[in-house]
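Structure file work_38.txt with compact mmCIF, C-alpha atoms:
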```txt
# COMPACT_ATOMS: atom_id res chain seq x y z
CA MET R 1 90.13 44.08 83.38
CA SER R 2 89.66 40.60 81.98
CA GLU R 3 92.44 38.03 81.73
CA THR R 4 92.19 38.18 77.93
CA THR R 5 92.76 41.93 77.95
CA LYS R 6 95.74 41.50 80.26
CA ASN R 7 97.29 38.99 77.92
CA LEU R 8 97.04 41.41 74.99
CA THR R 9 98.68 44.27 76.90
CA PRO R 10 102.33 44.63 75.78
CA ASN R 11 104.79 43.88 78.58
CA LYS R 12 107.69 46.31 78.88
CA MET R 13 110.14 43.39 79.03
CA GLY R 14 109.43 42.80 75.35
CA THR R 15 109.21 46.39 74.11
CA MET R 16 111.28 48.81 76.21
CA PRO R 17 114.90 49.48 75.11
CA ILE R 18 117.20 47.06 76.94
CA ARG R 19 119.53 49.44 78.77
CA PRO R 20 116.86 51.59 80.43
CA LEU R 21 114.75 48.45 80.97
CA LEU R 22 117.55 46.61 82.77
CA ILE R 23 118.39 49.68 84.83
CA THR R 24 114.80 50.38 85.82
CA MET R 25 114.17 46.73 86.74
CA SER R 26 117.50 46.19 88.48
CA LEU R 27 118.17 49.50 90.22
CA PRO R 28 115.45 49.09 92.86
CA MET R 29 116.75 45.58 93.59
CA ILE R 30 120.37 46.77 93.64
CA LEU R 31 119.49 49.51 96.12
CA SER R 32 117.51 47.14 98.32
CA MET R 33 120.30 44.56 98.15
CA LEU R 34 122.79 47.24 99.22
CA VAL R 35 120.58 47.99 102.20
CA GLN R 36 120.44 44.24 102.92
CA ALA R 37 124.23 44.04 102.76
CA MET R 38 124.53 47.08 104.99
CA TYR R 39 122.35 45.56 107.69
CA ASN R 40 124.31 42.29 107.47
CA ILE R 41 127.48 44.23 108.16
CA ILE R 42 125.95 46.40 110.89
CA ASP R 43 124.42 43.30 112.50
CA SER R 44 127.88 41.73 112.79
CA ILE R 45 129.44 44.98 113.97
CA PHE R 46 127.02 45.04 116.90
CA VAL R 47 127.55 41.33 117.60
CA ALA R 48 131.31 41.91 117.62
CA GLN R 49 130.86 44.21 120.62
CA LEU R 50 129.83 41.11 122.60
CA GLY R 51 133.26 39.59 121.98
CA GLU R 52 135.11 37.59 119.34
CA ALA R 53 133.40 34.36 120.48
CA ALA R 54 129.99 35.81 119.53
CA LEU R 55 131.30 36.90 116.12
CA THR R 56 132.82 33.46 115.58
CA ALA R 57 129.47 31.84 116.42
CA VAL R 58 127.73 33.97 113.79
CA SER R 59 130.46 33.01 111.32
CA MET R 60 129.90 29.32 112.06
CA ALA R 61 126.13 29.78 111.62
CA PHE R 62 126.69 31.26 108.17
CA PRO R 63 126.72 27.91 106.23
CA ILE R 64 123.24 26.99 107.53
CA GLN R 65 121.92 30.44 106.76
CA THR R 66 123.45 30.12 103.29
CA LEU R 67 121.73 26.77 102.90
CA LEU R 68 118.39 28.33 103.86
CA ILE R 69 118.86 31.07 101.28
CA ALA R 70 119.92 28.45 98.72
CA VAL R 71 116.70 26.46 99.14
CA SER R 72 114.50 29.55 99.10
CA SER R 73 116.34 31.39 96.34
CA GLY R 74 116.75 28.30 94.16
CA THR R 75 113.04 27.56 94.37
CA CYS R 76 112.32 31.18 93.50
CA VAL R 77 114.65 31.01 90.49
CA GLY R 78 112.50 28.20 89.15
CA VAL R 79 109.29 30.10 89.90
CA ASN R 80 110.73 33.27 88.36
CA ALA R 81 111.89 31.58 85.16
CA LEU R 82 108.63 29.65 84.64
CA LEU R 83 106.43 32.62 85.44
CA SER R 84 108.34 34.98 83.13
CA ARG R 85 108.46 32.45 80.28
CA SER R 86 104.74 31.82 80.66
CA LEU R 87 103.94 35.53 80.50
CA GLY R 88 106.22 35.92 77.47
CA ALA R 89 104.40 33.04 75.76
CA GLN R 90 100.98 34.51 76.76
CA ASP R 91 100.15 31.48 78.95
CA GLN R 92 98.32 33.08 81.87
CA GLU R 93 97.15 29.80 83.38
CA GLU R 94 100.67 28.41 83.74
CA ALA R 95 101.91 31.74 85.16
CA GLN R 96 99.20 31.55 87.82
CA LYS R 97 100.15 27.98 88.71
CA ALA R 98 103.81 28.96 89.02
CA ALA R 99 102.97 31.69 91.54
CA VAL R 100 100.72 29.72 93.91
CA ASN R 101 102.84 26.56 93.82
CA GLY R 102 105.88 28.70 94.62
CA ILE R 103 104.12 29.96 97.76
CA PHE R 104 103.30 26.39 98.76
CA LEU R 105 106.93 25.29 98.32
CA ALA R 106 108.13 28.26 100.42
CA ILE R 107 105.88 27.19 103.32
CA VAL R 108 107.17 23.61 103.13
CA GLY R 109 110.78 24.83 103.16
CA ALA R 110 110.19 27.05 106.19
CA ILE R 111 108.71 24.14 108.17
CA CYS R 112 111.73 21.94 107.40
CA PHE R 113 114.25 24.56 108.56
CA ALA R 114 112.23 25.33 111.70
CA LEU R 115 112.47 21.67 112.68
CA PHE R 116 116.22 21.68 112.10
CA GLY R 117 116.54 24.81 114.22
CA LEU R 118 114.77 23.12 117.13
CA LEU R 119 116.41 19.71 116.87
CA GLY R 120 119.78 20.13 115.17
CA SER R 121 121.39 23.46 116.11
CA ARG R 122 123.47 22.22 119.04
CA LEU R 123 124.75 19.18 117.14
CA TYR R 124 125.69 21.42 114.24
CA PHE R 125 127.89 23.74 116.34
CA SER R 126 129.37 20.86 118.34
CA SER R 127 130.60 19.36 115.07
CA GLN R 128 132.78 22.44 114.50
CA THR R 129 134.14 23.35 117.93
CA ASP R 130 134.30 22.22 121.54
CA ASP R 131 134.34 25.81 122.83
CA THR R 132 131.20 25.92 125.00
CA VAL R 133 130.91 29.71 124.82
CA ILE R 134 130.85 29.68 121.00
CA ILE R 135 128.39 26.76 121.01
CA GLU R 136 125.95 28.52 123.36
CA TYR R 137 126.11 31.74 121.39
CA GLY R 138 125.57 29.83 118.17
CA VAL R 139 122.61 27.78 119.38
CA GLN R 140 120.82 30.88 120.67
CA TYR R 141 121.34 32.76 117.42
CA LEU R 142 120.65 30.02 114.87
CA THR R 143 117.60 28.52 116.59
CA ILE R 144 115.72 31.82 116.50
CA CYS R 145 116.70 32.52 112.87
CA LEU R 146 115.50 29.09 111.70
CA VAL R 147 112.33 28.72 113.74
CA PHE R 148 111.03 32.00 112.32
CA SER R 149 112.43 31.46 108.81
CA PHE R 150 108.93 31.58 107.32
CA GLY R 151 109.50 35.34 107.06
CA ILE R 152 112.44 35.10 104.68
CA PHE R 153 110.94 32.19 102.70
CA LEU R 154 107.65 33.95 101.97
CA GLU R 155 109.30 37.35 101.53
CA MET R 156 111.50 35.94 98.78
CA VAL R 157 108.73 34.18 96.86
CA PHE R 158 106.41 37.21 97.02
CA GLU R 159 109.25 39.43 95.79
CA ARG R 160 110.11 37.07 92.92
CA ILE R 161 106.49 37.13 91.76
CA LEU R 162 106.72 40.93 91.60
CA GLN R 163 110.05 40.69 89.75
CA SER R 164 108.67 38.24 87.22
CA THR R 165 105.98 40.73 86.26
CA GLY R 166 108.39 43.68 86.06
CA ARG R 167 107.41 45.37 89.36
CA THR R 168 110.79 45.40 91.07
CA ILE R 169 110.32 48.89 92.55
CA TYR R 170 108.08 47.43 95.26
CA ASN R 171 110.80 45.00 96.32
CA MET R 172 112.99 47.99 97.12
CA TYR R 173 110.32 49.22 99.49
CA SER R 174 109.74 45.89 101.24
CA GLN R 175 113.40 44.90 101.55
CA GLY R 176 114.42 48.40 102.55
CA ALA R 177 111.78 48.57 105.28
CA GLY R 178 112.82 45.17 106.63
CA ALA R 179 116.51 46.02 106.62
CA ILE R 180 116.05 49.41 108.27
CA THR R 181 113.86 47.82 110.93
CA ASN R 182 116.62 45.29 111.60
CA ILE R 183 119.27 48.00 111.86
CA ILE R 184 117.15 50.02 114.32
CA LEU R 185 116.26 47.01 116.50
CA ASP R 186 119.79 45.54 116.62
CA PRO R 187 121.30 47.86 119.27
CA ILE R 188 118.00 48.13 121.14
CA LEU R 189 117.59 44.37 121.59
CA ILE R 190 121.28 43.42 121.84
CA PHE R 191 122.26 46.00 124.46
CA GLY R 192 118.87 46.71 126.09
CA LEU R 193 118.20 50.33 125.15
CA PHE R 194 115.03 52.35 125.91
CA GLY R 195 113.92 50.01 128.67
CA PHE R 196 114.18 46.80 126.65
CA PRO R 197 116.06 43.88 128.23
CA ALA R 198 119.62 43.23 127.00
CA LEU R 199 119.21 40.03 124.97
CA GLY R 200 122.73 39.79 123.59
CA ILE R 201 123.15 37.59 120.53
CA SER R 202 119.50 36.48 120.79
CA GLY R 203 118.54 40.12 120.31
CA ALA R 204 120.45 40.18 117.02
CA ALA R 205 118.53 37.13 115.81
CA ILE R 206 115.17 38.55 116.94
CA ALA R 207 115.87 41.83 115.14
CA THR R 208 116.69 39.87 111.98
CA VAL R 209 113.49 37.82 111.93
CA ILE R 210 111.29 40.83 112.77
CA GLY R 211 112.76 42.65 109.77
CA GLN R 212 112.15 39.62 107.55
CA ILE R 213 108.55 39.21 108.67
CA LEU R 214 107.84 42.91 108.06
CA ALA R 215 109.30 42.64 104.55
CA MET R 216 107.15 39.54 103.96
CA ILE R 217 103.98 41.37 104.97
CA LEU R 218 104.77 44.37 102.77
CA SER R 219 105.61 42.25 99.72
CA LEU R 220 102.33 40.35 100.17
CA ILE R 221 100.41 43.63 100.30
CA PHE R 222 102.15 44.90 97.15
CA ASN R 223 101.24 41.71 95.30
CA LEU R 224 97.62 41.93 96.36
CA GLN R 225 97.24 45.63 95.54
CA LYS R 226 99.67 46.32 92.68
CA ASN R 227 100.20 43.09 90.73
CA THR R 228 97.52 42.89 88.02
CA ASP R 229 99.28 40.17 85.99
CA VAL R 230 99.21 37.36 88.54
CA SER R 231 96.83 36.58 91.40
CA ILE R 232 98.35 34.91 94.47
CA SER R 233 95.04 33.76 95.93
CA MET R 234 95.36 30.28 97.47
CA ARG R 235 91.60 29.67 97.48
CA GLY R 236 90.89 26.13 96.30
CA PHE R 237 94.63 25.47 95.92
CA SER R 238 96.02 21.98 95.50
CA PRO R 239 99.67 21.28 94.58
CA SER R 240 100.29 20.80 90.86
CA LEU R 241 102.98 18.16 90.47
CA PRO R 242 103.66 19.01 86.78
CA THR R 243 104.18 22.68 87.68
CA ILE R 244 106.36 21.81 90.67
CA ARG R 245 108.43 19.51 88.45
CA VAL R 246 109.03 22.33 85.94
CA ILE R 247 109.92 24.74 88.76
CA TYR R 248 112.48 22.34 90.15
CA GLU R 249 113.96 21.47 86.75
CA VAL R 250 115.53 24.91 87.01
CA GLY R 251 115.29 25.32 90.78
CA VAL R 252 117.02 22.14 91.99
CA PRO R 253 120.28 22.80 90.11
CA SER R 254 120.20 26.32 91.52
CA ILE R 255 119.53 25.00 95.05
CA ILE R 256 122.37 22.49 94.76
CA MET R 257 124.65 25.13 93.27
CA GLN R 258 124.06 27.55 96.14
CA SER R 259 124.10 24.75 98.71
CA ILE R 260 127.58 23.87 97.53
CA SER R 261 128.63 27.26 98.88
CA SER R 262 127.23 26.22 102.26
CA VAL R 263 129.16 22.93 102.16
CA MET R 264 132.30 24.73 101.05
CA THR R 265 132.08 27.26 103.87
CA TYR R 266 131.42 24.57 106.47
CA PHE R 267 134.50 22.57 105.48
CA LEU R 268 136.61 25.72 105.15
CA ASN R 269 135.64 26.51 108.74
CA LEU R 270 136.87 23.06 109.78
CA ILE R 271 140.17 23.65 107.95
CA LEU R 272 140.64 27.10 109.44
CA VAL R 273 139.69 26.22 113.02
CA GLY R 274 142.61 23.78 112.97
CA PHE R 275 144.84 26.87 113.03
CA THR R 276 142.77 29.21 115.21
CA ALA R 277 139.14 30.23 115.71
CA THR R 278 140.20 33.74 114.71
CA ALA R 279 140.74 32.50 111.15
CA VAL R 280 137.10 31.34 111.09
CA THR R 281 136.07 34.79 112.30
CA VAL R 282 138.11 36.40 109.50
CA LEU R 283 136.36 34.25 106.89
CA GLY R 284 132.98 35.18 108.36
CA VAL R 285 133.87 38.87 108.30
CA TYR R 286 134.99 38.51 104.67
CA PHE R 287 131.62 37.05 103.70
CA LYS R 288 129.85 39.94 105.43
CA LEU R 289 132.02 42.54 103.72
CA GLN R 290 131.96 40.97 100.27
CA SER R 291 128.16 40.93 100.39
CA PHE R 292 128.33 44.70 99.89
CA ILE R 293 130.01 44.00 96.52
CA PHE R 294 128.12 40.87 95.51
CA MET R 295 124.61 41.87 96.61
CA PRO R 296 124.27 44.58 93.92
CA ILE R 297 125.18 41.97 91.30
CA PHE R 298 122.55 39.62 92.69
CA GLY R 299 120.11 42.54 92.44
CA LEU R 300 121.21 43.00 88.83
CA ASN R 301 120.56 39.29 88.26
CA ASN R 302 117.06 39.62 89.67
CA GLY R 303 116.31 42.29 87.09
CA MET R 304 118.07 40.47 84.27
CA ILE R 305 116.61 36.95 84.64
CA PRO R 306 112.96 37.84 83.90
CA ILE R 307 114.02 39.98 80.91
CA ILE R 308 116.00 37.13 79.34
CA ALA R 309 113.37 34.52 80.25
CA PHE R 310 110.57 36.69 78.81
CA ASN R 311 112.44 37.34 75.55
CA TYR R 312 113.42 33.70 75.27
CA GLY R 313 109.72 32.87 75.47
CA ALA R 314 109.16 35.56 72.81
CA ARG R 315 112.10 34.15 70.73
CA ASP R 316 113.94 37.50 70.54
CA LYS R 317 117.68 36.74 70.20
CA LYS R 318 118.80 40.35 69.90
CA ARG R 319 117.22 41.39 73.20
CA ILE R 320 118.59 38.32 74.99
CA MET R 321 122.18 39.01 73.92
CA GLU R 322 121.99 42.76 74.54
CA THR R 323 120.69 42.12 78.06
CA ALA R 324 123.49 39.63 78.80
CA LYS R 325 126.27 41.88 77.46
CA PHE R 326 125.11 44.98 79.30
CA SER R 327 124.69 43.00 82.52
CA ILE R 328 128.25 41.65 82.27
CA PHE R 329 129.58 45.18 81.75
CA ILE R 330 127.82 46.47 84.88
CA ALA R 331 128.85 43.46 86.99
CA VAL R 332 132.52 43.68 86.04
CA SER R 333 132.54 47.42 86.79
CA ILE R 334 131.08 46.80 90.26
CA MET R 335 133.64 44.07 90.94
CA LEU R 336 136.59 46.26 89.94
CA THR R 337 135.36 48.92 92.35
CA GLY R 338 135.11 46.28 95.07
CA LEU R 339 138.63 45.07 94.37
CA PHE R 340 140.00 48.57 94.85
CA VAL R 341 138.18 49.02 98.16
CA PHE R 342 139.36 45.65 99.52
CA GLN R 343 142.96 46.38 98.55
CA ALA R 344 143.09 49.96 99.80
CA PHE R 345 141.01 49.91 103.01
CA THR R 346 141.53 46.40 104.40
CA ALA R 347 142.54 47.24 107.96
CA GLN R 348 139.89 49.92 108.30
CA MET R 349 137.17 47.44 107.33
CA LEU R 350 138.38 44.86 109.84
CA LEU R 351 138.50 47.43 112.62
CA LEU R 352 134.76 47.97 112.14
CA PHE R 353 134.39 44.52 113.73
CA ASN R 354 136.45 45.35 116.81
CA ALA R 355 139.39 43.40 115.34
CA SER R 356 142.13 42.27 117.69
CA GLU R 357 145.82 42.37 116.73
CA GLN R 358 145.65 38.68 115.81
CA MET R 359 142.57 39.24 113.69
CA LEU R 360 144.32 42.08 111.84
CA GLU R 361 147.45 40.01 111.34
CA ILE R 362 145.44 37.18 109.76
CA GLY R 363 142.71 39.26 108.14
CA VAL R 364 144.60 41.95 106.20
CA PRO R 365 146.49 39.57 103.88
CA ALA R 366 143.48 37.23 103.73
CA LEU R 367 141.07 39.85 102.44
CA ARG R 368 143.57 41.23 99.94
CA ILE R 369 144.27 37.79 98.50
CA ILE R 370 140.65 36.60 98.39
CA SER R 371 139.46 39.80 96.73
CA LEU R 372 141.64 39.05 93.69
CA SER R 373 138.84 36.66 92.73
CA PHE R 374 136.63 39.73 92.11
CA LEU R 375 138.44 40.12 88.77
CA PHE R 376 136.58 37.09 87.45
CA ALA R 377 133.50 36.64 89.65
CA GLY R 378 131.20 39.25 88.09
CA TYR R 379 131.36 37.66 84.64
CA CYS R 380 130.77 34.18 86.06
CA ILE R 381 127.77 35.22 88.16
CA ILE R 382 125.99 36.93 85.27
CA VAL R 383 126.56 34.17 82.73
CA GLY R 384 125.49 31.57 85.31
CA SER R 385 122.22 33.45 85.72
CA VAL R 386 121.76 33.53 81.94
CA PHE R 387 121.92 29.72 82.05
CA GLN R 388 119.15 29.72 84.67
CA ALA R 389 116.96 32.15 82.74
CA LEU R 390 117.19 29.89 79.68
CA GLY R 391 116.19 26.83 81.70
CA ASN R 392 119.70 25.31 81.92
CA GLY R 393 120.40 25.64 85.62
CA VAL R 394 122.50 22.47 85.45
CA TYR R 395 125.23 24.45 83.65
CA SER R 396 125.49 26.79 86.62
CA LEU R 397 125.64 23.72 88.83
CA LEU R 398 128.56 22.26 86.88
CA THR R 399 130.64 25.43 87.14
CA SER R 400 129.84 25.81 90.85
CA VAL R 401 130.84 22.22 91.61
CA ALA R 402 134.08 22.62 89.69
CA ARG R 403 134.96 25.91 91.37
CA GLN R 404 134.07 25.16 94.99
CA LEU R 405 134.29 21.41 95.51
CA LEU R 406 136.76 20.22 92.89
CA CYS R 407 139.11 23.19 93.09
CA LEU R 408 138.69 25.56 96.05
CA LEU R 409 138.30 23.03 98.88
CA PRO R 410 141.06 20.63 97.74
CA LEU R 411 143.45 23.54 97.20
CA ALA R 412 142.60 25.02 100.60
CA TYR R 413 143.20 21.65 102.26
CA LEU R 414 146.53 21.09 100.48
CA PHE R 415 147.74 24.63 101.20
CA ALA R 416 146.73 24.28 104.85
CA ARG R 417 148.50 20.96 105.24
CA PHE R 418 151.71 21.62 103.34
CA VAL R 419 152.21 25.41 103.30
CA GLY R 420 150.31 27.19 106.06
CA LEU R 421 147.35 29.40 106.89
CA HIS R 422 148.56 32.32 104.75
CA ALA R 423 148.39 30.14 101.60
CA VAL R 424 144.82 28.92 102.15
CA TRP R 425 143.37 32.20 100.89
CA TYR R 426 144.92 31.74 97.42
CA ALA R 427 142.44 28.94 96.77
CA PHE R 428 139.75 31.58 96.11
CA PRO R 429 141.24 33.38 93.06
CA LEU R 430 142.65 30.15 91.63
CA ALA R 431 139.23 28.52 91.77
CA GLU R 432 137.63 31.52 90.09
CA ILE R 433 139.96 31.17 87.11
CA ILE R 434 138.70 27.61 86.61
CA SER R 435 135.14 28.94 86.76
CA VAL R 436 135.80 31.52 84.02
CA ALA R 437 137.05 28.85 81.61
CA MET R 438 134.13 26.48 82.24
CA THR R 439 131.52 29.23 82.16
CA THR R 440 132.75 30.46 78.77
CA ILE R 441 132.74 26.97 77.25
CA LEU R 442 129.22 26.27 78.48
CA PHE R 443 127.93 29.64 77.29
CA ILE R 444 129.18 28.92 73.77
CA ARG R 445 127.37 25.60 73.93
CA ILE R 446 124.05 27.05 75.12
CA TYR R 447 124.27 29.85 72.56
CA GLN R 448 124.58 27.33 69.76
CA LYS R 449 121.75 25.15 71.09
CA LYS R 450 119.19 27.70 72.30
CA ILE R 451 119.95 31.22 71.13
CA ARG R 452 121.58 31.19 67.69
CA ASN R 453 118.48 30.02 65.78
CA LEU R 454 116.00 32.37 67.45
CA ASN R 455 114.45 35.22 65.47
```

Entire entry expressed as structure tokens:
Amino acid sequence: MSETTKNLTPNKMGTMPIRPLLITMSLPMILSMLVQAMYNIIDSIFVAQLGEAALTAVSMAFPIQTLLIAVSSGTCVGVNALLSRSLGAQDQEEAQKAAVNGIFLAIVGAICFALFGLLGSRLYFSSQTDDTVIIEYGVQYLTICLVFSFGIFLEMVFERILQSTGRTIYNMYSQGAGAITNIILDPILIFGLFGFPALGISGAAIATVIGQILAMILSLIFNLQKNTDVSISMRGFSPSLPTIRVIYEVGVPSIIMQSISSVMTYFLNLILVGFTATAVTVLGVYFKLQSFIFMPIFGLNNGMIPIIAFNYGARDKKRIMETAKFSIFIAVSIMLTGLFVFQAFTAQMLLLFNASEQMLEIGVPALRIISLSFLFAGYCIIVGSVFQALGNGVYSLLTSVARQLLCLLPLAYLFARFVGLHAVWYAFPLAEIISVAMTTILFIRIYQKKIRNLN
């Protein structure tokens, strides 16, 4: 099939009814994200059997892992948006450039994090605690995850290329295979089953990176064999600065926005450790548990963004708005379900992580208070992704800065200093209310500037 023929072939993102289109593109990603969330939880459950110090170390490593995901995911958002817009506008050459330059940027990112893993892990943990047991656990775990981070970087960019061309079903296969591999290897490598040595927390890290590398290999194979819209051949490749600039016009605000979460978590850990390391563990457990609620919405986003970007390139206002409205409905429904679970089964969830009496005493009210933010978060996440799909990632950045740095952290600090640990958790729902107001104002603005006058 020639490139000209490909360009004339109607893409389902411009023709298929929105509701079944969004479901068919998102459902594989939602399912794979649920599997990802499940293995994150199971990973921590196994680590918790090594003791609370090991679980605290994983919690303290979380901001760096979040930063890694921010850099990779933010770059992929830019690649995804440019690639989908280019396909919608029938610009095959620019779509091709977006794909191969995205791969190049993923490799550069992996090298940078590998160097940090080798040179900066111990300093990072020492900045949060002087507990030598926690530091040693943390250095072992984080160094392995970062040195082999090429797996997650390349997995994500290969998967976003598939998403941009409407082939999300293959991402379910690759992510699912990686996650299941991780789940199977966790107990084997941590506790030394079937003749393997007991590697402890290092075994958890090794299981994680093996799963990521497997998912990377599968997603590469799917692109090579199933993706007829974009070729990812690097033969004769040289970086295209104009393409990279366009990718990062959307990608950098997304990277900064997600990195803010890393900064927020790091400083929250510093606030909480002033009371007790158990409070840090509770926050880490919360992030693991809430991923089971948030990951499906991120999967929904991954299906939604290329649809909106494609139809923005095709100047179809009706399909853009229908996609956004239906996505918000699904996200809010998921969040309400999550709120019920967090309110009704709090202690049971904490006990999965071998919770001590102190951890239950701190964790039960903490999780119930923080989960009140679910009432607002689904709407904010979806609309923020609409901004990104339309090429206005800076709007998402503004709302994220306001919520996490200008509201959540200052409130947490003030509550910690003048009220007590139990009040710190209220910073989460209060910050989300600020985010709702800003997100709505900015959506009205972008609608008037970019959507209202489309066909």

For the interface of range 199-302 of chain R with range 84-102 of chain R (cut-off 12 Å, counting all atoms listed in the file), please tabulate each contacting residue of range 199-302 of chain R alongside its nearest pair of atoms and their separation in Å to one decimal, rows sorted by chain and increasing number, as CSV.
```
residue,atom,partner,partner_atom,distance
R:Asn223,CA,R:Ala99,CA,10.8
R:Asn227,CA,R:Ala99,CA,11.8
R:Thr228,CA,R:Gln96,CA,11.5
R:Asp229,CA,R:Gln92,CA,8.3
R:Val230,CA,R:Gln96,CA,5.9
R:Ser231,CA,R:Gln96,CA,6.6
R:Ile232,CA,R:Val100,CA,5.7
R:Ser233,CA,R:Val100,CA,7.3
R:Met234,CA,R:Val100,CA,6.5
R:Arg235,CA,R:Val100,CA,9.8
R:Gly236,CA,R:Val100,CA,10.7
R:Phe237,CA,R:Val100,CA,7.7
R:Ser238,CA,R:Asn101,CA,8.4
R:Pro239,CA,R:Asn101,CA,6.2
R:Ser240,CA,R:Asn101,CA,7.0
R:Leu241,CA,R:Asn101,CA,9.0
R:Pro242,CA,R:Lys97,CA,9.8
R:Thr243,CA,R:Ala98,CA,6.4
R:Ile244,CA,R:Asn101,CA,6.7
R:Arg245,CA,R:Asn101,CA,10.5
R:Val246,CA,R:Ala98,CA,9.0
R:Ile247,CA,R:Ala98,CA,7.4
R:Tyr248,CA,R:Gly102,CA,10.2
R:Gly251,CA,R:Gly102,CA,10.7
R:Asn302,CA,R:Ser84,CA,11.8
```

task: Mind giving me the straight-line distance from CA of Phe150 in chain R to CA of Ser174 in chain R in Å, one decimal?
output: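 Going from CA of Phe150 in chain R over to CA of Ser174 in chain R, I get 15.6 Å.
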
task: Show me as a PyMOL selection string the residues that reach within 8 Å of (129.8, 25.0, 107.0), counting all atoms listed in the file and using the file's own coordinates.
output: chain R and resi 60-64+262-270

- request: Just give me the gap between CA of Thr143 in chain R and CA of Gly284 in chain R in Å, one decimal is fine.
  value: 18.7 Å

query: Quick one: of R:Leu350, R:Leu414, R:Met295, R:Met335, who's nearest to Phe374 in chain R, counting all atoms listed in the file?
result: R:Met335

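The two atoms in question, CA of Phe153 in chain R and CA of Val79 in chain R, are spaced 13.1 Å apart.
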
query: So which one's closest to Leu300 in chain R, R:Val394, R:Ala344, R:Met359, R:Ile381? Using only C-alpha atoms, please.
result: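 Of all the options, R:Ile381 lies closest to Leu300 in chain R.
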
- request: For Phe387 in chain R, work out the shell of residues within 12 Å, counting all atoms listed in the file and skipping chain neighbours fewer than 2 positions away, then give it as a PyMOL selection string.
  value: chain R and resi 77-78+81+250-251+253-254+301+304-305+308-309+312+320+324+380-385+389-399+439-440+442-447+449-451

- request: Using only C-alpha atoms, pick whichever of R:Leu336, R:Leu189, R:Val280, R:Ile441 has the shortest atom-to-atom distance to Ile206 in chain R.
  value: R:Leu189

task: Considering all atoms listed in the file, return as JSON, numbers by chain whatever protein or nucleic-acid residues lie within 10 Å of Met38 in chain R, sequence-local ones (same chain, fewer than 6 positions apart) excluded.
output: {"R": [32, 179, 180, 183, 288, 289, 291, 292, 295]}

- prompt: What lies within 10 Å of Ile144 in chain R using all atoms listed in the file, ignoring chain neighbours under 5 positions off, as a PyMOL selection string?
  reply: chain R and resi 114+117-118+139+149+202-206+208-209

- prompt: Which residues come within 12 Å of Ile369 in chain R, counting all atoms listed in the file, excluding same-chain residues fewer than 4 positions away, as a list in words?
  reply: Tyr286, Leu339, Phe342, Gln343, Thr346, Ile362, Gly363, Val364, Pro365, Ser373, Phe374, Leu375, His422, Ala423, Val424, Trp425, Tyr426, Ala427, Phe428, Pro429 and Leu430 of chain R

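Using all atoms listed in the file, the smallest distance between any of R:Ile328, R:Val386, R:Ile334, R:Leu50 and Val133 in chain R comes from R:Leu50.
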
Test item: residues at most 12 Å from Leu351 in chain R, only C-alpha atoms, excluding those fewer than 2 positions along its chain, as a PyMOL selection string: chain R and resi 45+48-49+282+285+345-349+353-361+363-364

- prompt: For Met25 in chain R, which residue among R:Leu162, R:Ala331, R:Leu82, R:Val273 is the nearest when counting all atoms listed in the file?
  reply: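 Closest candidate: R:Leu162.
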
message: Given all atoms listed in the file as the basis, pick out the residue of R:Asn311, R:Gln448, R:Ser44, R:Gln175 nearest to Ile30 in chain R.
response: R:Gln175

Find the smallest box with edges along x, y and z containing every listed atom of range 16-32 of chain R, then add 6 Å on each side and report centre and edge lengths in Å to one decimal, as AutoDock Vina command-line options.
```
--center_x 115.8 --center_y 48.6 --center_z 86.7 --size_x 21.1 --size_y 18.0 --size_z 35.2
```
